[in-house]
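Encoded as structure tokens, the structure appears first; notes follow it.
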Amino acid sequence: MTTPDSAAPDSRAPDLGAQGPSAPGLGAPRADFTWSPDPEPVHFRLAQWYSEAARDLPWRREDCSAWGVMVSEIMLQQTPVVRVLPRWEEWMRRWPTPAVTAAASAAEILTVWDRLGYPRRALRLQTAAQAIVERHGGEVPGTRQELLALPGVGEYTAAAVACFAFDQPEVVVDTNIRRVHARVFSGHALPGKTYTAQQRKLAHDVMPQTAHDDGELACTWNIAAMELGALICTARAPKCVECPVQDLCAWRAAGSPPATEEQQTRGQAWAGTDRQVRGAMMAVLRTGEPVQRSVLLETLPLPAADMEQRVRCLDSLLRDGLAAEDKELVALPGVI
DNA sequence: AAAACGGGGTT
DNA sequence: AACCCAGTTTT
């Protein structure tokens, strides 16, 4: 049916001509005739695929509250679904509304967060709950702009909550969607490190029109593209033979060229970093018992960390509100 | 634009 | 050992 050769000019087709794989300007003769598919068939293919292949996640259920969606989005920032699932269940069981979340102690919040990582997210989620109580009467706001004003809610999360909890046709772009766009529409193996204005324009341009279906297809498009990136169009070893748009994909049509040096992600170091030291200290504090400052600094199970680094990290935890200090005792905030 | 910020499963 | 993950905030 639809093949690269049959792609007719379309007024709504994304103008991707400038995004060819070769550097614009000097040297490279523009032999890279990048082809990009009409978005419309991609919309329907992915919507159909999603209806059959979507995972049954609790925050996608029809009866999930907007707060449940928001909690899931914060937890899912830089954290895989499988690790979020048990923490989300426990959080929602204990704190099913913004109001009860706002009233919890910070120590409880950080303990239930457990080892999800980036514990400042947990604190910001509680601060956001407090803001929701104060500014929105305890109800999660339903517009991108109001959501964006909440702590810990950035461009992605604001659009995601507005779309998934309130059916707003916002342009949702996460790491999965960026990769799907890069491959299907731009013909690249990977989207590159930073989210550029050009990528933002592409995401907008390939959104389904909302005029006729009240944005329903737009919301499905967002979640379906995300799910495709999570299950099929993965970063490494994508399952192209199972892909519902394999015959529409610009990357496939270009012969699946490998990622360029520019597109390689800069892998974060871990061993020896302040993040590792902070994480080890938080693990001690999560046991619940206040500890002597000197004991916390000296018994840390990280021989490679010198005292200067340990002191720096403890001070940063105190400054971030992830730990509290009383006299010589250190504990989770709210314990002391 | 780049760095800081956790932690564990996968390759 | 490197890579990856439903990003946000600060510099």
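Simple scheme: letters A, B, ... for chains in structure tokens order, numbers from 1 for residues in each chain, numbers from 1 for ligands in the order shown.
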
Mind running chain A against chain B at 9 Å and telling me each contacting residue's nearest atom pair with the distance in Å (one decimal), counting only C-alpha atoms (C1' of nucleotides), chain and number ascending, as CSV?
residue,atom,partner,partner_atom,distance
A:Thr79,CA,B:DG7,C1',8.8
A:Arg83,CA,B:DG8,C1',8.6
A:Arg115,CA,B:DG7,C1',6.6
A:Leu116,CA,B:DG7,C1',6.8
A:Gly117,CA,B:DG6,C1',3.7
A:Tyr118,CA,B:DG6,C1',5.0
A:Pro119,CA,B:DG6,C1',7.6
A:Arg120,CA,B:DC5,C1',8.3
A:Thr194,CA,B:DA1,C1',8.5
A:Arg275,CA,B:DG6,C1',6.7
A:Gln276,CA,B:DG6,C1',7.3
A:Arg278,CA,B:DG6,C1',8.7
A:Gly279,CA,B:DG6,C1',6.4

What does the file look like for those residues with all heavy atoms, as a JSON list (two decimals), in the first residue's frame?
[["chain", "number", "residue", "atom", "x", "y", "z"],
["A", 79, "THR", "N", 13.18, 6.75, 35.38],
["A", 79, "THR", "CA", 13.09, 5.48, 36.09],
["A", 79, "THR", "C", 12.18, 4.52, 35.33],
["A", 79, "THR", "O", 11.05, 4.88, 34.99],
["A", 79, "THR", "CB", 12.54, 5.71, 37.51],
["A", 79, "THR", "OG1", 13.33, 6.69, 38.17],
["A", 79, "THR", "CG2", 12.57, 4.43, 38.32],
["A", 83, "ARG", "N", 10.33, -0.76, 37.79],
["A", 83, "ARG", "CA", 10.76, -0.38, 39.14],
["A", 83, "ARG", "C", 9.76, 0.55, 39.80],
["A", 83, "ARG", "O", 9.67, 0.62, 41.01],
["A", 83, "ARG", "CB", 12.13, 0.30, 39.07],
["A", 83, "ARG", "CG", 13.26, -0.70, 39.13],
["A", 83, "ARG", "CD", 14.41, -0.13, 39.92],
["A", 83, "ARG", "NE", 15.12, 0.84, 39.15],
["A", 83, "ARG", "CZ", 15.84, 1.81, 39.70],
["A", 83, "ARG", "NH1", 15.92, 1.93, 40.99],
["A", 83, "ARG", "NH2", 16.46, 2.66, 38.93],
["A", 115, "ARG", "N", 14.20, 3.23, 46.97],
["A", 115, "ARG", "CA", 15.36, 3.39, 46.09],
["A", 115, "ARG", "C", 14.96, 3.69, 44.66],
["A", 115, "ARG", "O", 15.63, 3.24, 43.72],
["A", 115, "ARG", "CB", 16.19, 2.11, 46.11],
["A", 115, "ARG", "CG", 16.70, 1.77, 47.50],
["A", 115, "ARG", "CD", 17.77, 0.74, 47.42],
["A", 115, "ARG", "NE", 17.48, -0.43, 48.23],
["A", 115, "ARG", "CZ", 18.27, -1.51, 48.26],
["A", 115, "ARG", "NH1", 19.34, -1.56, 47.52],
["A", 115, "ARG", "NH2", 17.96, -2.52, 49.02],
["A", 116, "LEU", "N", 13.93, 4.46, 44.49],
["A", 116, "LEU", "CA", 13.53, 4.83, 43.13],
["A", 116, "LEU", "C", 14.57, 5.74, 42.46],
["A", 116, "LEU", "O", 14.62, 5.86, 41.25],
["A", 116, "LEU", "CB", 12.18, 5.54, 43.13],
["A", 116, "LEU", "CG", 10.94, 4.67, 42.93],
["A", 116, "LEU", "CD1", 9.72, 5.53, 42.75],
["A", 116, "LEU", "CD2", 11.12, 3.75, 41.73],
["A", 117, "GLY", "N", 15.38, 6.39, 43.28],
["A", 117, "GLY", "CA", 16.39, 7.28, 42.72],
["A", 117, "GLY", "C", 15.92, 8.73, 42.66],
["A", 117, "GLY", "O", 14.73, 9.02, 42.64],
["A", 118, "TYR", "N", 16.89, 9.63, 42.62],
["A", 118, "TYR", "CA", 16.60, 11.07, 42.62],
["A", 118, "TYR", "C", 15.54, 11.42, 43.66],
["A", 118, "TYR", "O", 14.44, 11.85, 43.32],
["A", 118, "TYR", "CB", 16.14, 11.52, 41.24],
["A", 118, "TYR", "CG", 17.18, 11.37, 40.15],
["A", 118, "TYR", "CD1", 16.87, 10.81, 38.94],
["A", 118, "TYR", "CD2", 18.49, 11.80, 40.36],
["A", 118, "TYR", "CE1", 17.83, 10.68, 37.94],
["A", 118, "TYR", "CE2", 19.45, 11.67, 39.38],
["A", 118, "TYR", "CZ", 19.12, 11.10, 38.17],
["A", 118, "TYR", "OH", 20.07, 10.97, 37.19],
["A", 119, "PRO", "N", 15.87, 11.25, 44.96],
["A", 119, "PRO", "CA", 14.87, 11.47, 46.01],
["A", 119, "PRO", "C", 14.34, 12.91, 46.08],
["A", 119, "PRO", "O", 13.29, 13.15, 46.68],
["A", 119, "PRO", "CB", 15.62, 11.09, 47.30],
["A", 119, "PRO", "CG", 17.07, 11.20, 46.95],
["A", 119, "PRO", "CD", 17.17, 10.82, 45.50],
["A", 120, "ARG", "N", 15.03, 13.83, 45.43],
["A", 120, "ARG", "CA", 14.48, 15.19, 45.42],
["A", 120, "ARG", "C", 13.13, 15.22, 44.69],
["A", 120, "ARG", "O", 12.29, 16.06, 44.96],
["A", 120, "ARG", "CB", 15.46, 16.16, 44.74],
["A", 120, "ARG", "CG", 16.76, 16.30, 45.54],
["A", 120, "ARG", "CD", 17.61, 17.43, 45.02],
["A", 120, "ARG", "NE", 18.10, 17.16, 43.68],
["A", 120, "ARG", "CZ", 19.04, 17.89, 43.09],
["A", 120, "ARG", "NH1", 19.57, 18.93, 43.72],
["A", 120, "ARG", "NH2", 19.46, 17.61, 41.88],
["A", 194, "THR", "N", 20.35, 16.63, 23.06],
["A", 194, "THR", "CA", 19.49, 17.72, 23.53],
["A", 194, "THR", "C", 18.23, 17.86, 22.69],
["A", 194, "THR", "O", 18.20, 17.57, 21.51],
["A", 194, "THR", "CB", 20.26, 19.06, 23.50],
["A", 194, "THR", "OG1", 20.70, 19.30, 22.16],
["A", 194, "THR", "CG2", 21.45, 19.03, 24.43],
["A", 275, "ARG", "N", 26.84, 11.56, 43.68],
["A", 275, "ARG", "CA", 25.53, 10.91, 43.67],
["A", 275, "ARG", "C", 25.59, 9.55, 44.35],
["A", 275, "ARG", "O", 24.68, 9.16, 45.07],
["A", 275, "ARG", "CB", 25.01, 10.78, 42.24],
["A", 275, "ARG", "CG", 24.42, 12.07, 41.73],
["A", 275, "ARG", "CD", 24.35, 12.12, 40.21],
["A", 275, "ARG", "NE", 23.70, 10.97, 39.64],
["A", 275, "ARG", "CZ", 24.17, 10.33, 38.57],
["A", 275, "ARG", "NH1", 25.28, 10.73, 38.01],
["A", 275, "ARG", "NH2", 23.52, 9.32, 38.09],
["A", 276, "GLN", "N", 26.68, 8.83, 44.13],
["A", 276, "GLN", "CA", 26.81, 7.53, 44.78],
["A", 276, "GLN", "C", 26.94, 7.71, 46.30],
["A", 276, "GLN", "O", 26.32, 6.97, 47.07],
["A", 276, "GLN", "CB", 28.03, 6.78, 44.24],
["A", 276, "GLN", "CG", 28.17, 5.39, 44.82],
["A", 276, "GLN", "CD", 29.46, 4.70, 44.39],
["A", 276, "GLN", "OE1", 30.49, 5.35, 44.18],
["A", 276, "GLN", "NE2", 29.41, 3.40, 44.25],
["A", 278, "ARG", "N", 25.92, 10.33, 48.11],
["A", 278, "ARG", "CA", 24.62, 10.78, 48.64],
["A", 278, "ARG", "C", 23.65, 9.61, 48.75],
["A", 278, "ARG", "O", 22.90, 9.49, 49.73],
["A", 278, "ARG", "CB", 24.03, 11.86, 47.72],
["A", 278, "ARG", "CG", 24.70, 13.23, 47.84],
["A", 278, "ARG", "CD", 24.31, 14.14, 46.66],
["A", 278, "ARG", "NE", 22.87, 14.25, 46.51],
["A", 278, "ARG", "CZ", 22.16, 15.34, 46.83],
["A", 278, "ARG", "NH1", 22.75, 16.40, 47.32],
["A", 278, "ARG", "NH2", 20.86, 15.36, 46.64],
["A", 279, "GLY", "N", 23.64, 8.77, 47.74],
["A", 279, "GLY", "CA", 22.74, 7.63, 47.75],
["A", 279, "GLY", "C", 23.03, 6.68, 48.90],
["A", 279, "GLY", "O", 22.10, 6.17, 49.55]]

* To do: Using only C-alpha atoms (C1' of nucleotides), select each residue of chain C with any atom at most 8 Å away from an atom of chain A, and give the selection as a count of residues only.
  => 7

* To do: Record the distance separating atom CA of Leu318 of chain A and atom CA of Ala131 of chain A, expressed in Å with one decimal.
  =>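 Atom CA of Ala131 of chain A lies 22.4 Å from atom CA of Leu318 of chain A.
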
* To do: Please indicate the distance in Å from atom CA of Pro290 of chain A to atom CA of Cys313 of chain A, rounded to one decimal place.
  =>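 Answer for the atom CA of Pro290 of chain A to atom CA of Cys313 of chain A separation: 17.3 Å.
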
* Close residues, Gln48 of chain A itself excluded, 12 Å, only C-alpha atoms (C1' of nucleotides), min 6 positions apart in chain, as a ChimeraX atom specification -> /A:41-42,54,217,220-221,224-225,228,243-245
